[in-house]
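Participant: One structure follows; several queries about it will come next.
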Amino acid sequence: MNTKQINALITQLKKIDFSHARIKIDDFELEIDRDGHQQSTELGVEFISSPMIGIFHQNQQPVMVGESVESATVLGQIESMKLYNELLAGFNGQVKKVLVNDGDAVEFGQNLFEIELNEDIAE
Amino acid sequence: MFKKVLIANRGEIACRLIRACHQLNIKTVAVYSTADKNASFVQMANEAYCIGPATATDSYLNREAVLMAGIIANVDAIHPGYGFLSEDGMFVQMCEQCGIQWLGPRSEIIALMGDKAAARRFAASRGVAIIPGTQVLDHPSRIKQEADKLGFPLLIKASRGGGGKGIKKVSQVSELDNMLSLAKRESQSAFANGEIYLEKVLVNARHIEIQVIGDQQGDIQILGDRDCTLQIGRQKVIEESSATFITGAQRRELGQAVHQLLDGVGYQGLGTVEFLFCEDRFYFLEMNTRLQVEHGVTETTSGLDVVLLQLQLASGQGKIACDISPTHSGIAIESRITMKLNSQEAYLNEFSFPENVRVDTGYQVGDKITPYYDALLAKVIVHGDNRLDAIEKMKQALADIKIDGVETNLAMLKQIMNNRAYQQNQFTIETLDTGMVEQHESLTS
């Protein structure tokens, strides 16, 4: 399995309620633990969290509350060791909250945006 | 003195390092994985940053993430503790490039000693006896030839191994081919390097190691020695300071070997030179260029706090020779309390220790045990006037420890303390593996 396929699998898994999963496909084995606190409590709402520790940089046109985003929309950049890493929305929906300011130091797993999912995806 | 230090570690050693920093009014920064967010060391530090998920490769071994925390928190120095990035030459270079002081020796020395075959060559070039064996070998025919010359049993060692990892014992020639491919494969996957070399098995050997410290000028001083002979599967279980199986003359001989090895090298910070002792001779085993798990026994008998000393010397305060004069009184024994790591969730329902002994732990009662890291639960250190007195105190201490919620090696430790061969100081590095006491599998850290 390549990284893309694994990511796709994890995205699918996010929609299912579980705390521990073990998946075996031929030689490929994946074990996932999910932290109960990180699951969004509200249905149809997802938090976009930082995939790494770093400095958050907003876009030239900063993402605003109410804006529509798609999976591939770049929400900003996380700078780590002088490398800029794109933060992708990963979902289709509307920005409900912006939880980070330009130049903030962010930790791994810190929630940065709250996205209200488009209904067809949330179902 | 430093203003702020990042502790690039977790558990008991992170707690111990944070305490030492606070004693010197140094602010501390902890980095942690999601699995450790409620751990003691995170609460103790002045600042804490989550750097990654539970898997160590993505958090505690993630050089960029650890360093980024240091940059964000604006620290002066990084203390690596033991394990994780503590012997990672590349990380040391990255720290240097970011203007953050590394609390340990220069990256070239770490790289030299981290390559166990190169370290052997270096020791031999300085006139220090090494265990009979070979350099890195590649060609199967050459290996066969050298193996025949050395004789069996012999050890196949991974060049990038060390700390008892990456070692395969070959009892007879018929096993050689099979063990060789196994060793190479394992070494490639564990250390990303398939280089191996051969070493003779020293029979009835004891393990003795010398604690050293170097100042900013690179002058080194010996702080004491430790007997770490009692091991299971090459992982230490009981450590003693000072070693009681050598004579004063032999101790001087060892000290001379250590100075021969390190004088003029420019060694800074804490380090341990390990030897095997066999038939009245010492053989260089390896050097660990960092603080070791068992440093506490040396502190107990010398009255020194080696981490405080390291911080002071690294900040440029004080020099070797004029400031430190270790004296050694009595005997200290350390027991490593380890647990069986299960994939299921476990909680420390009960976790209490007697008050009159030193206990180094990163856990407290109620803590959740996760299966991601090492199996060390706590280190218990006692101090006695002599070895038998220390053994009695350890017996008492072990009897007073109450742990519930996880399976531990406590029963085995008690058996060791009651074992006659142990009490009479008659054991070797293989004694525990060959049935000195009953033991449970996989309870070593």
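Residues in the structure tokens are named by chain (A, B, ... in the order shown) and by number from 1 within that chain; ligands are numbered from 1 in the order shown.
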Find the residues around A:Ile115 up to 9 Å (only C-alpha atoms counted), leave out those fewer than 5 positions away in its own chain, and share them as an MDAnalysis selection string.
Facilitator: chainID A and resid 44:48 69 89 91:97
Participant: Write out, as an mmCIF file, in the first residue's frame, the residues just selected, with N, CA, C and O atoms.
Facilitator:
```cif
data_model
loop_
_atom_site.group_PDB
_atom_site.id
_atom_site.type_symbol
_atom_site.label_atom_id
_atom_site.label_comp_id
_atom_site.auth_asym_id
_atom_site.auth_seq_id
_atom_site.Cartn_x
_atom_site.Cartn_y
_atom_site.Cartn_z
ATOM 1 N N GLY A 44 -21.057 16.153 11.877
ATOM 2 C CA GLY A 44 -20.871 17.005 10.713
ATOM 3 C C GLY A 44 -19.867 18.117 10.911
ATOM 4 O O GLY A 44 -19.772 19.013 10.103
ATOM 5 N N VAL A 45 -19.120 18.065 12.026
ATOM 6 C CA VAL A 45 -18.085 19.078 12.264
ATOM 7 C C VAL A 45 -16.747 18.380 12.428
ATOM 8 O O VAL A 45 -16.654 17.375 13.127
ATOM 9 N N GLU A 46 -15.743 18.892 11.788
ATOM 10 C CA GLU A 46 -14.409 18.301 11.911
ATOM 11 C C GLU A 46 -13.393 19.361 12.306
ATOM 12 O O GLU A 46 -13.449 20.493 11.832
ATOM 13 N N PHE A 47 -12.465 18.988 13.181
ATOM 14 C CA PHE A 47 -11.364 19.886 13.504
ATOM 15 C C PHE A 47 -10.189 19.563 12.596
ATOM 16 O O PHE A 47 -9.884 18.399 12.372
ATOM 17 N N ILE A 48 -9.550 20.577 12.085
ATOM 18 C CA ILE A 48 -8.327 20.380 11.331
ATOM 19 C C ILE A 48 -7.193 20.688 12.299
ATOM 20 O O ILE A 48 -7.076 21.807 12.805
ATOM 21 N N VAL A 69 -14.591 25.595 1.678
ATOM 22 C CA VAL A 69 -13.314 24.953 1.359
ATOM 23 C C VAL A 69 -13.560 23.570 0.787
ATOM 24 O O VAL A 69 -14.600 22.957 1.035
ATOM 25 N N ALA A 89 -7.267 21.224 3.854
ATOM 26 C CA ALA A 89 -8.535 21.116 4.583
ATOM 27 C C ALA A 89 -8.911 19.644 4.778
ATOM 28 O O ALA A 89 -9.347 19.246 5.850
ATOM 29 N N PHE A 91 -11.411 18.113 3.881
ATOM 30 C CA PHE A 91 -12.865 17.924 3.845
ATOM 31 C C PHE A 91 -13.496 19.005 2.961
ATOM 32 O O PHE A 91 -12.899 20.059 2.768
ATOM 33 N N ASN A 92 -14.681 18.728 2.473
ATOM 34 C CA ASN A 92 -15.451 19.767 1.804
ATOM 35 C C ASN A 92 -16.408 20.366 2.818
ATOM 36 O O ASN A 92 -17.131 19.637 3.503
ATOM 37 N N GLY A 93 -16.426 21.686 2.919
ATOM 38 C CA GLY A 93 -17.350 22.286 3.885
ATOM 39 C C GLY A 93 -17.136 23.772 4.038
ATOM 40 O O GLY A 93 -16.517 24.420 3.193
ATOM 41 N N GLN A 94 -17.661 24.297 5.159
ATOM 42 C CA GLN A 94 -17.531 25.709 5.461
ATOM 43 C C GLN A 94 -16.674 25.900 6.716
ATOM 44 O O GLN A 94 -16.805 25.139 7.673
ATOM 45 N N VAL A 95 -15.828 26.915 6.684
ATOM 46 C CA VAL A 95 -15.024 27.206 7.866
ATOM 47 C C VAL A 95 -15.925 27.780 8.955
ATOM 48 O O VAL A 95 -16.605 28.780 8.750
ATOM 49 N N LYS A 96 -15.954 27.091 10.106
ATOM 50 C CA LYS A 96 -16.828 27.542 11.196
ATOM 51 C C LYS A 96 -16.045 28.403 12.181
ATOM 52 O O LYS A 96 -16.542 29.382 12.701
ATOM 53 N N LYS A 97 -14.805 27.986 12.455
ATOM 54 C CA LYS A 97 -13.966 28.755 13.376
ATOM 55 C C LYS A 97 -12.514 28.727 12.915
ATOM 56 O O LYS A 97 -12.034 27.696 12.414
#
```
Participant: Got a sec: who's within 10 Å of B:Leu309, counting only C-alpha atoms, leaving out chain neighbours fewer than 3 positions off, as a PyMOL selection string?
Facilitator: chain B and resi 20+213+215+269-270+304-306+312-315+317-318+323-324
Participant: Tell me, counting only C-alpha atoms, for each residue of chain A within 8 Å of chain B, which pair of atoms is nearest and how far apart they are in Å to one decimal, in rows ordered by chain and increasing number, as a tab-separated table.
Facilitator:
```
residue	atom	partner	partner_atom	distance
A:Pro51	CA	B:Gly52	CA	7.9
A:Met52	CA	B:Ile51	CA	6.5
A:Ile53	CA	B:Ile51	CA	5.5
A:Gly54	CA	B:Met68	CA	6.3
A:Ser80	CA	B:Met68	CA	6.2
A:Met81	CA	B:Met68	CA	6.2
A:Ala105	CA	B:Ile72	CA	6.7
A:Glu107	CA	B:Cys50	CA	5.3
A:Phe108	CA	B:Ile51	CA	5.1
A:Gly109	CA	B:Gly52	CA	7.5
```
Participant: Take the selection from the previous step and output its residues with C-alpha atoms, as a short mmCIF file (atom, residue, chain, number, x, y, z; two decimals), in the first residue's frame.
Facilitator:
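And here's out-v5.cif as it stands now:
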```
data_model
loop_
_atom_site.label_atom_id
_atom_site.label_comp_id
_atom_site.auth_asym_id
_atom_site.auth_seq_id
_atom_site.Cartn_x
_atom_site.Cartn_y
_atom_site.Cartn_z
CA PRO A 51 0.24 17.52 11.72
CA MET A 52 3.45 18.77 13.33
CA ILE A 53 4.97 21.20 15.77
CA GLY A 54 5.87 24.45 14.02
CA SER A 80 9.16 23.47 10.67
CA MET A 81 12.93 23.75 10.41
CA ALA A 105 3.61 28.37 17.47
CA GLU A 107 1.88 21.82 18.64
CA PHE A 108 1.30 18.43 17.09
CA GLY A 109 -2.42 17.70 17.21
#
```
Participant: Write out as number ranges by chain the set of residues from stretch 150-292 of chain B that DSSP, computed on the backbone, places in strand (DSSP E).
Facilitator: B: 154-162, 165-170, 196-200, 206-214, 220-227, 231-232, 235-236, 238-241, 269-278, 281-288
Participant: With only C-alpha atoms as the counted atoms, please give the residues lying no more than 9 Å from stretch 3-8 of chain B, apart from itself and same-chain residues fewer than 6 positions off, as a PyMOL selection string.
Facilitator: chain B and resi 14+17-18+21+25-32+45+60+66+69-70+73-81+84-86
Participant: DSSP on the backbone: which residues in stretch 190-418 of chain B end up as alpha helix (DSSP H)? Give the answer as number ranges by chain.
Facilitator: B: 190-191, 248-262, 295-302, 306-314, 387-399, 410-418
Participant: If you count only C-alpha atoms, which residues fall within 10 Å of B:Ile208, apart from same-chain ones fewer than 4 positions away, as a ChimeraX atom specification?
Facilitator: /B:225-229,239-243,245-246,254,273-277,282-285
Participant: Write out the residues from the selection above, keeping N, CA and C atoms, as a tab-separated table (two decimals), in the first residue's frame.
Facilitator:
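Output file selection.tsv is given in full below:
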```
chain	number	residue	atom	x	y	z
B	225	ASP	N	33.28	3.45	39.37
B	225	ASP	CA	33.03	2.29	38.51
B	225	ASP	C	31.80	1.53	38.97
B	226	ARG	N	31.25	0.74	38.08
B	226	ARG	CA	30.03	-0.02	38.40
B	226	ARG	C	30.18	-1.46	37.92
B	227	ASP	N	29.62	-2.37	38.72
B	227	ASP	CA	29.54	-3.77	38.33
B	227	ASP	C	28.13	-4.00	37.79
B	228	CYS	N	28.02	-4.25	36.50
B	228	CYS	CA	26.70	-4.48	35.88
B	228	CYS	C	26.67	-5.87	35.27
B	229	THR	N	27.19	-6.84	36.00
B	229	THR	CA	27.32	-8.19	35.47
B	229	THR	C	25.97	-8.90	35.33
B	239	GLU	N	22.72	-3.38	39.31
B	239	GLU	CA	24.00	-2.68	39.17
B	239	GLU	C	24.53	-2.32	40.54
B	240	GLU	N	25.85	-2.38	40.68
B	240	GLU	CA	26.47	-2.06	41.97
B	240	GLU	C	27.59	-1.03	41.79
B	241	SER	N	27.75	-0.19	42.79
B	241	SER	CA	28.87	0.76	42.83
B	241	SER	C	29.42	0.75	44.24
B	242	SER	N	30.71	0.68	44.40
B	242	SER	CA	31.70	0.39	43.38
B	242	SER	C	31.77	-1.12	43.16
B	243	ALA	N	32.42	-1.54	42.08
B	243	ALA	CA	32.58	-2.96	41.82
B	243	ALA	C	33.46	-3.56	42.92
B	245	PHE	N	34.58	-6.87	42.84
B	245	PHE	CA	35.34	-8.07	42.43
B	245	PHE	C	36.73	-7.74	41.92
B	246	ILE	N	37.11	-6.45	41.94
B	246	ILE	CA	38.46	-6.13	41.50
B	246	ILE	C	39.28	-5.58	42.66
B	254	LEU	N	42.49	-0.08	35.28
B	254	LEU	CA	41.32	0.31	34.49
B	254	LEU	C	41.31	1.82	34.25
B	273	VAL	N	32.66	4.06	29.89
B	273	VAL	CA	33.46	3.11	29.13
B	273	VAL	C	33.22	1.73	29.74
B	274	GLU	N	32.76	0.81	28.90
B	274	GLU	CA	32.41	-0.53	29.38
B	274	GLU	C	33.50	-1.55	29.03
B	275	PHE	N	33.76	-2.42	30.00
B	275	PHE	CA	34.76	-3.47	29.82
B	275	PHE	C	34.19	-4.82	30.23
B	276	LEU	N	34.73	-5.87	29.65
B	276	LEU	CA	34.50	-7.20	30.21
B	276	LEU	C	35.77	-7.59	30.94
B	277	PHE	N	35.58	-8.28	32.06
B	277	PHE	CA	36.70	-8.72	32.89
B	277	PHE	C	36.71	-10.24	32.84
B	282	PHE	N	41.16	-7.02	31.55
B	282	PHE	CA	40.04	-6.18	31.11
B	282	PHE	C	40.07	-6.04	29.59
B	283	TYR	N	38.89	-6.11	28.98
B	283	TYR	CA	38.77	-5.93	27.54
B	283	TYR	C	37.74	-4.85	27.25
B	284	PHE	N	38.11	-3.88	26.44
B	284	PHE	CA	37.18	-2.82	26.04
B	284	PHE	C	35.98	-3.42	25.32
B	285	LEU	N	34.78	-3.05	25.77
B	285	LEU	CA	33.55	-3.57	25.16
B	285	LEU	C	32.93	-2.51	24.25
```
Participant: Between A:Arg34, A:Leu87, A:Asn118, A:Thr11, which one has atoms that come closest to A:Thr73, using only C-alpha atoms?
Facilitator: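 Closest residue, counting only C-alpha atoms: A:Leu87.
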